[in-house]
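Notes for the one structure printed next.
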Amino acid sequence: MNVLRYLGRRLVFTVFLLIGVTMMVYIISYMVPSDPVVANLSARNLNNEEMVQAYREKWGLDQPVYKQYFTYLNNLLHGDMGTSLRTERAVMEDLKLYFPATLELSIFGILFAVFFGMLFGIISAIKRNKWVDQILRGVSVLGVSVPVFWMALLLLFVFYLKLGIFPGPGRLSASLTPPVHKTGLYTVDALLMGDIKVFADAFKHLCLPGICMGLFTMGLISRTSRSSLLEVLSLDYIRTARAKGLRERDVIIKHALGNSLISVLTVIGLGFGNLLGGMVLVESVFAWPGIGQYAYKAAQNLDFPAIVGVSLLIALNYVVINIVVDLLYCVLDPRVRYM
Amino acid sequence: MKNKKSFLKNNTVFQALRTNTLLTIGVVICAIWLFVIIFADYLAPYDPLLQDLSLRLQPPCREHLFGTDSLGRDILSRVLAGSRISIGAGLQCVIISAVAGMLIGGISGYIGGIFDDVVMRIGELFSSFPTIILAMVIASAMGPSLFNTLLTMCIVWWPNYARVMRAMVIQVKSNEYVEASRCLGASRMRIFIREILPNSISSVIVLTTVDFGNAILLFASLSYLGLGSPPPAPEWGAMVSNGAEQFYYWWVATFPGLAILSVSLGANFIGDGIRDYLDPKLRKTIS
Amino acid sequence: MKKRLLKMLAALMSVTMLLAGCGNSAGTGSGSNAGTAESQEESGGENVQAEETKRLVMAVDPDYETFDPGRAYEVYADLVLHSCYDTLLQFEGGDVQNLVPCAAESYEVSEDKLTYIFQIKPGQKFSSGNEVTAEDFKWSIERGIHLEGNPSFLADSINSIETDGDYTLIFHMKQADASFLTKLTYCMFAAIDRKVAEENGASAGEDAASADTAKTWFDYNSAGSGPYKISSYTPGSDVVMVRNEYYSGTAPYFDEITIKTVTDTSSQVMTVQGGDIDIAVNVDVDQAASLENAEGITVHHAQTATFSYLLLNCSEEYGPISNEKVHQAIRYALDYEGILSLSAEGTTVPVGPFPEGFPGSLASANPAELRDLDKAKELLAEAGYADGFSVELYIPTINVLGVDFVTVGEKVQSDLKEIGIDVQIVAQDSAVAQEGYRTGTQSMGLRMWGPDYPDNGSQLAFLPGNVVGLRANWAEEANPELAELGRAAETTVDLEQRNKIFNEIAEKMNEESPFVMLMQHATQYITRSNITGADYSNRYLFDLRNIAAE
């Protein structure tokens with residue numbers, strides 16, 4: 001029952017958050033002194049006042065901001081996110097084009113981060129202050145503090161150009177045709193088609209950018225899981241368990257890990273946010289046609305309909321991830337009430 | 001004075017340094033950078049702004065230990081001079097957002113209810129918003145300056161701390177000993193300061209140290225968009241992004257990159273050390 | 001309770017482990033997978049067997065979003081449009097001086113230059129199999145005009161279009177337009193398959209700007225009579241073109257062309273080195289230099305018509321920088337040799353706003369002779385600023401043909417410091433910088449300019465009172481003589497006479513104008529060594545019809 005009430009409340013807040021996001025973009029569009037017309041019309045047409053006027057009318061830019069805003073909200077309720085000034089396509093369509101690539105990459109990145117992050121964290125905690133611990137901690141700090149675009153280029157240089165282990169930039173080799181669009185995730189679509197060759201190729205293309213995206217979160221997770229594991233290990237009940245003569249491995253797996261998962265979960269939530277941040281650069285190096293590149297170009301061209309669209313999408317993701325994290329909290333630690 | 005002495009004498013500090021090699025390394029790295037920040041002007045072999053196009057993109061050699069960049073400037077001198085700008089900006093950003101985030105998150109988590117919901121949702125609003133767009137807006141509305149860039153970074157960052165702090169507060173709040181002190185009739189403020197804050201601070205410190213290097217990096221990417229310290233200031237991040245365009249001249253990006261890395265490493269190691277040291281329960285398990 | 005938790009955890013771990021395991025096995029597989037390696041070689045164009053698809057793969061950082069010939073006006077769009085659509089006239093390969101017929105067989109121009117009559121080659125076919133007629137041309141051009149899109153201005157001088165039978169097309173002009181034939185190479189003047197286009201919502205009526213709904217279709221498809229047609233377009237990823245099997249001209253070498261979006265320059269270079277891509281277009285200057293001796297790769301250099309210049313504001317609001325003597329002083333203070341060393345090999349300093357290579361342009365200046373610090377200081381003193389002054393320089397954070405603009409700005413800053421001018425750099429995102437430029441509020445700006453069409457007529461924008469002139473608040477009254485010369489150049493049809501006027505303008509502007517020309521950029525790009533015919537074109541970027549492999 002509690003869960004339902006909690007979800008209901010979150011849903012209400014989510015609606016407010018989304019309205020908040022749209023409002024913020026519109027306030028921004030009002031504050032920015034630069035004019036979207038300048039960024040999107042050619043120099044010649046800018047000198048033609050008639051053209052500029054017609055353009056403003058076409059995109060509703062001649063109306064006061066609050067009017068633009070309410071028109072937008074109204075359209076949004078009908079599932080219409082407007083038309084991008086830059087691509088002149090419906091924003092919804094653009095998002096459908098760009099988002100799956102990002103989603104696929106993020107999922108790969110986060111899985112990589114969770115697996116290796118927790119593995120490193122656990123080993124570090126067990127071998128506390130031994131050399132293994134020091135090395136693993138060093139590695140995880142490296143993951144957190146290397147400039148991501150530099151790392152991306154380095155990975156590409158070493159693993160693609162020098163060693164030839166992984167394929168180059170892009171989602172698929174040029175000689176292959178992308179699978180039929182169902183989910184937009186190439187690996188999933190390829191499996192649905194039963195085309196192992198395309199799946200393998202798409203998966204290989206995922207590896208380098210995925211590792212790059214996940215590296216930062218991996219560092220965070222391994223550090224957090226190490227410290228929270230250590231904290232839990234010092235608690236009384238663990239000592240009791242030890243005193244009972246349980247093996248150290250059993251103590252950690254059976255008793256300590258569950259409790260330390262809580263703080264790791266928080267970090268995973270945060271990590272997703274950071275994934276989105278590093279995306280622009282990674283996508284640029286690996287020629288990944290994702291939402292980061294789309295957002296960057298939209299910002300450059302002051303393409304406000306697209307900016308609102310991307311912001312909404314990112315906000316929605318963020319909320320969903322955090323709801324999942326919050327629910328997991330409760331599963332893991334019954335003492336935490338639905339806040 | 002007396003306090004300080006007893007602190008120095010306190011065995012646990014040395015013990016911590018002895019048992020934790022990484023902590024020692026961290027302290028050494030940070031001490032070196034502190035030295036560099038103070039004496040950068042004397043250490044730099046050249047004027048960090050001096051251009052010499054006949055010496056463009058020289059690989060590291062005896063005259064230029066770290067090589068030269070695309071305008072023939074000495075990279076070693078620029079890295080040394082840049083320490084003030086980059087470390088300074090990173091520190092300010094992290095400290096301001098950590099303090100703000102801890103206060104907001106802590107209070108929010110402690111009070112709970114509607115207040116908590118509203119605050120956390122506002123936090124989500126900010127952190128779910130694309131940083132670059134926010135930075136561009138603040139810069140174009142208020143003019144580009146170091147202060148505005150720092151402000152933007154803090155606006156985007158405090159929710160991270162608030163979330164972690166809040167999560168810790170909620171976890172700690174449900175611990176038996178807090179329940180116990182509440183039963184004993186301790187006031188809310190007292191519980192917050194005495195019980196919750198010290199117990200939560202370790203996680204925040206871990207996050208702060210992690211974020212420090214990250215702050216330098218974000219500052220770098222904002223500088224690159226023209227939102228940070230204006231060129232030709234030798235800012236590390238701007239140097240790295242400049243060098244990434246010249247990938248085959250590896251030294252251009254590598255040395256400022258290593259500088260960022262080393263500061264970040266140092267901060268992280270110290271953070272971990274402090275964490276272990278501060279946590280009273282952990283200390284017990286050491287001894 | 002604990003047990004459930006444990007199970008969940010175990011499940012989580014095993015799933016991640018499984019996935020990671022997959023990753024490893026698939027990853028290591030690729031190294032030894034001979035099949036993949038072979039297919040990569042194919043795409044590199046080596047050892048192509050007769051029945052194999054001959055595929056060209058290019059990497060670009062594109063600016064296009066649509067391939068509607070009536071709407072697209074982006075630099076990179078011509079890579080695709082010129083491959084898919086035939087225009088009346090065209091340039092071949094890297095040449096932009098000599099127009100050659102494409103869809104037209106021959107043409108006549110009336111004495112007064114007000115009527116152009118084109119004879120269209122019979123028997124040409126669109127990719128749908130429909131025949132190309134004069135009516136298609138008329139319809140397509142009228143559509144382009146009425147769409148009021150970015151390229152529409154190219155047709156400003158046209159009064160009306162007429163057809164005579166299936167193969168004769170007649171243009172009636174409002175006034176003589178010396179650049180008209182050059183403008184005809186733009187895809188706005190290409191034949192579109194009217195039947196197919198109309199089926200997909202196209203309209204050429206007066207109200208086309210609102211009535212035409214074909215853009216969505218044109219985003220992903222083509223309907224032209226060129227040698228290729230668009231087979232697929234994935235925004236942000238790639239556009240793939242295949243042969244137009246109805247094409248009647250000489251068939252191009254490649255069966256399929258893939259143009260990949262790779263925004264990062266280092267990444268473009270690496271993929272060429274790795275053999276997955278045949279041509280990388282956006283290459284950093286110093287990167288290109290480091291690849292000169294790389295195996296299997298050819299580094300190309302070519303002159304472009306793009307140039308960078310300093311804009312100095314003429315409005316007194318902006319203080320000392322508006323002084324004409326100061327403009328002169330800055331011209332003498334810059335170290336042009338140093339600035340050129342930041343750009344690709346072959347970059348020059350143009351005289352006036354006219355790129356070397358266009359008819360009527362003067363030969364470029366000798367950079368070593370341009371700097372005269374004493375004279376610069378003298379001029380500054382004459383202007384009354386012997387002690388120098390401080391000024392803001394606005395720079396968009398862009399990379400122009402492999403040259404980082406902020407770096408150029410830092411060089412200018414250090415040069416001007418030598419005569420006492422203290423330059424504060426304000427680096428801005430390009431959209432923000434563009435706004436300051438358009439409103440004429442930049443005290444000093446570092447700008448780039450690419451001609452709208454390869455003819456000096458498009459450069460007259462720099463004259464006082466014209467578009468770019470006004471950006472520097474350089475009004476017609478400030479220099480009526482130059483403004484008058486500009487008007488003369490626009491309407492003079494006699495080429496020799498026209499070129500003389502251009503020469504005069506160039507020399508005058510080199511003495512007295514608020515624009516300091518820094519460089520006419522050369523560009524550099526790399527190809528696999530077996531690629532031939534990849535000549536840089538100032539009109540199309542590359543004429544993909546001419547590219548082949550050995």
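All residue names refer to the structure tokens as shown: chains lettered A, B, ... in order, residues numbered from 1 in each chain, ligands numbered from 1 in order.
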
Per residue of chain C within 6 Å of chain A, what are the shortest atom pair and its distance in Å to one decimal, counting only C-alpha atoms, with rows by chain and residue number, as CSV?
```
residue,atom,partner,partner_atom,distance
C:Thr16,CA,A:Phe115,CA,5.9
C:Gly27,CA,A:Lys204,CA,5.9
C:Gly31,CA,A:Ile165,CA,4.8
C:Glu65,CA,A:Thr87,CA,5.4
C:Asn150,CA,A:Ser42,CA,5.7
C:Gly236,CA,A:Pro289,CA,4.6
C:Ser237,CA,A:Pro289,CA,5.1
C:Val262,CA,A:Ala287,CA,4.7
C:Thr263,CA,A:Ser284,CA,5.4
C:Asp264,CA,A:Val285,CA,5.1
C:Ser267,CA,A:Val285,CA,5.7
C:Gly274,CA,A:Leu161,CA,5.5
C:Ala431,CA,A:Ala39,CA,5.7
C:Val432,CA,A:Ser34,CA,5.8
C:Glu435,CA,A:Ser34,CA,5.7
```

Residue subset to file, keeping N, CA and C atoms, as a compact mmCIF listing (two decimals), in the first residue's frame:
```txt
# COMPACT_ATOMS: atom_id res chain seq x y z
N THR C 16 25.25 -9.50 -14.72
CA THR C 16 26.31 -8.60 -15.17
C THR C 16 27.52 -9.40 -15.64
N GLY C 27 34.64 -9.60 -28.02
CA GLY C 27 35.75 -8.67 -28.24
C GLY C 27 36.96 -9.38 -28.79
N GLY C 31 39.46 -9.85 -33.12
CA GLY C 31 40.86 -9.77 -33.51
C GLY C 31 41.23 -10.85 -34.52
N GLU C 65 21.09 19.02 -42.78
CA GLU C 65 20.00 18.31 -42.10
C GLU C 65 19.00 17.81 -43.13
N ASN C 150 16.64 29.21 -47.70
CA ASN C 150 17.93 29.88 -47.67
C ASN C 150 18.56 30.12 -49.05
N GLY C 236 22.84 12.22 -38.05
CA GLY C 236 23.84 12.05 -37.02
C GLY C 236 24.71 10.83 -37.24
N SER C 237 24.37 9.98 -38.21
CA SER C 237 25.14 8.77 -38.41
C SER C 237 25.73 8.71 -39.82
N VAL C 262 31.38 12.06 -38.59
CA VAL C 262 32.37 11.86 -37.54
C VAL C 262 32.80 13.25 -37.11
N THR C 263 32.29 13.74 -35.98
CA THR C 263 32.53 15.15 -35.65
C THR C 263 33.94 15.40 -35.14
N ASP C 264 34.58 14.39 -34.59
CA ASP C 264 35.89 14.61 -34.01
C ASP C 264 36.99 14.45 -35.07
N SER C 267 39.52 11.54 -34.57
CA SER C 267 38.85 10.27 -34.83
C SER C 267 38.73 10.03 -36.34
N GLY C 274 43.21 3.46 -39.98
CA GLY C 274 42.78 2.11 -39.72
C GLY C 274 42.20 1.43 -40.96
N ALA C 431 27.02 30.95 -32.00
CA ALA C 431 25.71 31.59 -32.15
C ALA C 431 25.67 32.94 -31.44
N VAL C 432 26.33 33.00 -30.29
CA VAL C 432 26.36 34.25 -29.53
C VAL C 432 27.21 35.28 -30.26
N GLU C 435 25.46 36.85 -33.16
CA GLU C 435 24.50 37.88 -32.79
C GLU C 435 25.19 39.24 -32.65
```

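For segment 137-143 of chain A, the residues within 6 Å (counting only C-alpha atoms, excluding itself and residues fewer than 4 positions away along the chain) are A:Asp133, A:Leu215, A:Phe216, A:Gly219.
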
Give as a PyMOL selection string every residue of chain A that touches chain B within 8 Å, counting only C-alpha atoms.
chain A and resi 13+17+20-21+28+31-33+129+134+138+141-142+144-147+149-150+153+220+224+230-231+234-235+263+266+270+273+277+299+311+314-315+318-319+335-336+339

Restrict the distance test to only C-alpha atoms, flag each residue of chain B within 7 Å of chain C, and return the flagged residues as a list in words.
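Per the criterion, chain B yields Leu53, Leu225, Gly226, Pro230, Pro231, Pro232, Glu245, Gln246, Phe247 and Tyr248 of chain B.
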
Give me a file of those residues, with all heavy atoms, as a tab-separated table (two decimals), in the first residue's frame.
```
chain	number	residue	atom	x	y	z
B	53	LEU	N	56.75	31.54	-32.58
B	53	LEU	CA	56.21	30.65	-33.61
B	53	LEU	C	57.28	29.83	-34.31
B	53	LEU	O	56.98	28.85	-34.98
B	53	LEU	CB	55.40	31.45	-34.62
B	53	LEU	CG	54.10	31.98	-34.04
B	53	LEU	CD1	53.37	32.84	-35.03
B	53	LEU	CD2	53.20	30.83	-33.61
B	225	LEU	N	34.36	26.75	-24.05
B	225	LEU	CA	33.22	27.41	-24.70
B	225	LEU	C	33.28	28.92	-24.51
B	225	LEU	O	32.37	29.63	-24.89
B	225	LEU	CB	31.91	26.89	-24.12
B	225	LEU	CG	31.51	25.48	-24.52
B	225	LEU	CD1	30.29	25.04	-23.77
B	225	LEU	CD2	31.26	25.42	-26.01
B	226	GLY	N	34.35	29.38	-23.91
B	226	GLY	CA	34.49	30.81	-23.73
B	226	GLY	C	33.79	31.31	-22.48
B	226	GLY	O	33.45	32.47	-22.37
B	230	PRO	N	39.40	33.91	-19.58
B	230	PRO	CA	39.62	34.19	-21.00
B	230	PRO	C	41.05	33.86	-21.42
B	230	PRO	O	41.96	33.94	-20.62
B	230	PRO	CB	39.35	35.69	-21.11
B	230	PRO	CG	39.54	36.22	-19.74
B	230	PRO	CD	39.20	35.13	-18.80
B	231	PRO	N	41.25	33.46	-22.70
B	231	PRO	CA	42.59	33.25	-23.21
B	231	PRO	C	43.36	34.56	-23.13
B	231	PRO	O	42.72	35.61	-23.14
B	231	PRO	CB	42.37	32.86	-24.68
B	231	PRO	CG	40.90	32.73	-24.87
B	231	PRO	CD	40.21	33.30	-23.71
B	232	PRO	N	44.65	34.53	-23.01
B	232	PRO	CA	45.55	33.37	-23.10
B	232	PRO	C	45.88	32.77	-21.75
B	232	PRO	O	46.92	32.14	-21.63
B	232	PRO	CB	46.79	34.00	-23.74
B	232	PRO	CG	46.81	35.39	-23.17
B	232	PRO	CD	45.40	35.80	-22.93
B	245	GLU	N	42.95	18.27	-30.00
B	245	GLU	CA	42.86	18.49	-31.44
B	245	GLU	C	44.15	18.09	-32.14
B	245	GLU	O	44.17	17.83	-33.34
B	245	GLU	CB	42.58	19.97	-31.74
B	245	GLU	CG	41.13	20.34	-31.59
B	245	GLU	CD	40.93	21.84	-31.66
B	245	GLU	OE1	41.76	22.52	-32.29
B	245	GLU	OE2	39.96	22.32	-31.08
B	246	GLN	N	45.22	18.16	-31.38
B	246	GLN	CA	46.52	17.79	-31.97
B	246	GLN	C	46.98	16.50	-31.35
B	246	GLN	O	48.02	16.43	-30.72
B	246	GLN	CB	47.53	18.91	-31.72
B	246	GLN	CG	47.21	20.13	-32.52
B	246	GLN	CD	47.51	21.39	-31.79
B	246	GLN	OE1	47.62	21.42	-30.58
B	246	GLN	NE2	47.66	22.47	-32.53
B	247	PHE	N	46.22	15.48	-31.56
B	247	PHE	CA	46.42	14.23	-30.85
B	247	PHE	C	47.82	13.66	-31.07
B	247	PHE	O	48.41	13.08	-30.18
B	247	PHE	CB	45.37	13.22	-31.29
B	247	PHE	CG	45.37	11.98	-30.48
B	247	PHE	CD1	44.88	12.00	-29.20
B	247	PHE	CD2	45.88	10.80	-31.00
B	247	PHE	CE1	44.90	10.86	-28.43
B	247	PHE	CE2	45.90	9.66	-30.23
B	247	PHE	CZ	45.40	9.69	-28.95
B	248	TYR	N	48.35	13.86	-32.26
B	248	TYR	CA	49.65	13.25	-32.56
B	248	TYR	C	50.81	14.01	-31.94
B	248	TYR	O	51.93	13.54	-31.95
B	248	TYR	CB	49.81	13.10	-34.06
B	248	TYR	CG	48.87	12.04	-34.59
B	248	TYR	CD1	47.57	12.33	-34.94
B	248	TYR	CD2	49.29	10.71	-34.65
B	248	TYR	CE1	46.71	11.35	-35.37
B	248	TYR	CE2	48.43	9.73	-35.08
B	248	TYR	CZ	47.13	10.04	-35.45
B	248	TYR	OH	46.29	9.06	-35.86
```

Could you pull out the helix (DSSP H, G or I) residues of segment 287-384 of chain C from DSSP and send them as an NGL selection string?
:C and (287-290 or 316-322 or 324-333 or 336-341 or 367-370 or 373-382)

Written selection (N, CA and C atoms) as a compact mmCIF listing (two decimals), in the first residue's frame:
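Writing done, so here's result00.txt:
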```txt
# COMPACT_ATOMS: atom_id res chain seq x y z
N GLN C 287 47.92 18.11 -37.46
CA GLN C 287 47.72 16.68 -37.61
C GLN C 287 48.10 16.25 -39.02
N ALA C 288 47.66 17.03 -40.00
CA ALA C 288 47.98 16.72 -41.39
C ALA C 288 49.48 16.71 -41.58
N ALA C 289 50.15 17.69 -40.98
CA ALA C 289 51.61 17.77 -41.13
C ALA C 289 52.28 16.52 -40.60
N SER C 290 51.75 15.98 -39.50
CA SER C 290 52.40 14.81 -38.90
C SER C 290 52.13 13.54 -39.71
N GLU C 316 31.97 55.55 -33.36
CA GLU C 316 32.80 56.20 -32.34
C GLU C 316 32.46 55.74 -30.92
N GLU C 317 31.28 55.16 -30.78
CA GLU C 317 30.90 54.57 -29.50
C GLU C 317 31.98 53.65 -28.95
N TYR C 318 32.69 53.00 -29.87
CA TYR C 318 33.62 51.96 -29.44
C TYR C 318 35.04 52.49 -29.21
N GLY C 319 35.18 53.82 -29.16
CA GLY C 319 36.45 54.41 -28.76
C GLY C 319 37.50 54.41 -29.85
N PRO C 320 38.75 54.34 -29.44
CA PRO C 320 39.89 54.49 -30.36
C PRO C 320 39.83 53.56 -31.56
N ILE C 321 39.23 52.40 -31.40
CA ILE C 321 39.26 51.41 -32.47
C ILE C 321 38.54 51.91 -33.72
N SER C 322 37.69 52.94 -33.58
CA SER C 322 36.93 53.42 -34.73
C SER C 322 37.77 54.35 -35.61
N GLU C 324 40.35 55.73 -38.23
CA GLU C 324 40.90 55.16 -39.47
C GLU C 324 42.40 54.91 -39.38
N LYS C 325 43.09 55.80 -38.70
CA LYS C 325 44.55 55.64 -38.57
C LYS C 325 44.87 54.40 -37.75
N VAL C 326 44.01 54.14 -36.77
CA VAL C 326 44.20 52.95 -35.94
C VAL C 326 44.03 51.70 -36.80
N HIS C 327 43.03 51.73 -37.69
CA HIS C 327 42.84 50.60 -38.60
C HIS C 327 44.12 50.32 -39.37
N GLN C 328 44.72 51.42 -39.88
CA GLN C 328 45.95 51.28 -40.64
C GLN C 328 47.06 50.72 -39.76
N ALA C 329 47.15 51.27 -38.55
CA ALA C 329 48.20 50.83 -37.63
C ALA C 329 48.10 49.33 -37.37
N ILE C 330 46.88 48.85 -37.17
CA ILE C 330 46.70 47.43 -36.89
C ILE C 330 47.14 46.60 -38.10
N ARG C 331 46.81 47.11 -39.29
CA ARG C 331 47.22 46.42 -40.51
C ARG C 331 48.74 46.23 -40.57
N TYR C 332 49.46 47.26 -40.13
CA TYR C 332 50.92 47.19 -40.19
C TYR C 332 51.52 46.42 -39.01
N ALA C 333 50.75 46.27 -37.94
CA ALA C 333 51.33 45.71 -36.71
C ALA C 333 51.35 44.18 -36.71
N TYR C 336 52.11 38.69 -40.23
CA TYR C 336 51.36 37.82 -41.13
C TYR C 336 52.06 36.48 -41.35
N GLU C 337 53.38 36.49 -41.39
CA GLU C 337 54.10 35.23 -41.56
C GLU C 337 53.77 34.26 -40.44
N GLY C 338 53.75 34.81 -39.21
CA GLY C 338 53.44 33.97 -38.05
C GLY C 338 52.01 33.45 -38.13
N ILE C 339 51.09 34.33 -38.51
CA ILE C 339 49.69 33.93 -38.58
C ILE C 339 49.51 32.82 -39.62
N LEU C 340 50.19 32.97 -40.77
CA LEU C 340 50.07 31.95 -41.81
C LEU C 340 50.61 30.61 -41.34
N SER C 341 51.61 30.64 -40.45
CA SER C 341 52.19 29.37 -40.02
C SER C 341 51.20 28.57 -39.17
N PRO C 367 53.67 38.05 -47.43
CA PRO C 367 53.46 38.25 -45.99
C PRO C 367 54.68 38.85 -45.29
N ALA C 368 55.88 38.60 -45.83
CA ALA C 368 57.08 39.08 -45.16
C ALA C 368 57.19 40.60 -45.24
N GLU C 369 56.54 41.22 -46.24
CA GLU C 369 56.70 42.67 -46.43
C GLU C 369 55.60 43.49 -45.77
N LEU C 370 54.65 42.81 -45.20
CA LEU C 370 53.47 43.54 -44.73
C LEU C 370 53.66 44.20 -43.37
N LEU C 373 56.44 47.68 -37.89
CA LEU C 373 56.08 48.11 -36.54
C LEU C 373 56.28 49.61 -36.33
N ASP C 374 57.35 50.16 -36.91
CA ASP C 374 57.60 51.60 -36.72
C ASP C 374 56.47 52.42 -37.29
N LYS C 375 56.08 52.03 -38.50
CA LYS C 375 55.01 52.76 -39.16
C LYS C 375 53.71 52.63 -38.36
N ALA C 376 53.49 51.42 -37.82
CA ALA C 376 52.29 51.19 -37.03
C ALA C 376 52.26 52.10 -35.81
N LYS C 377 53.42 52.20 -35.14
CA LYS C 377 53.49 53.04 -33.94
C LYS C 377 53.29 54.51 -34.32
N GLU C 378 53.89 54.89 -35.45
CA GLU C 378 53.76 56.25 -35.94
C GLU C 378 52.29 56.59 -36.17
N LEU C 379 51.60 55.69 -36.89
CA LEU C 379 50.18 55.90 -37.19
C LEU C 379 49.35 56.01 -35.92
N LEU C 380 49.70 55.18 -34.97
CA LEU C 380 48.97 55.17 -33.71
C LEU C 380 49.15 56.52 -32.99
N ALA C 381 50.39 57.03 -33.07
CA ALA C 381 50.69 58.32 -32.44
C ALA C 381 49.93 59.44 -33.16
N GLU C 382 49.91 59.36 -34.50
CA GLU C 382 49.17 60.36 -35.28
C GLU C 382 47.71 60.38 -34.88
```

In Å, with one decimal, what is the gap from atom CA of Ile238 of chain A to atom CA of Gly269 of chain A?
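Computing it gives 27.4 Å between the two atoms.
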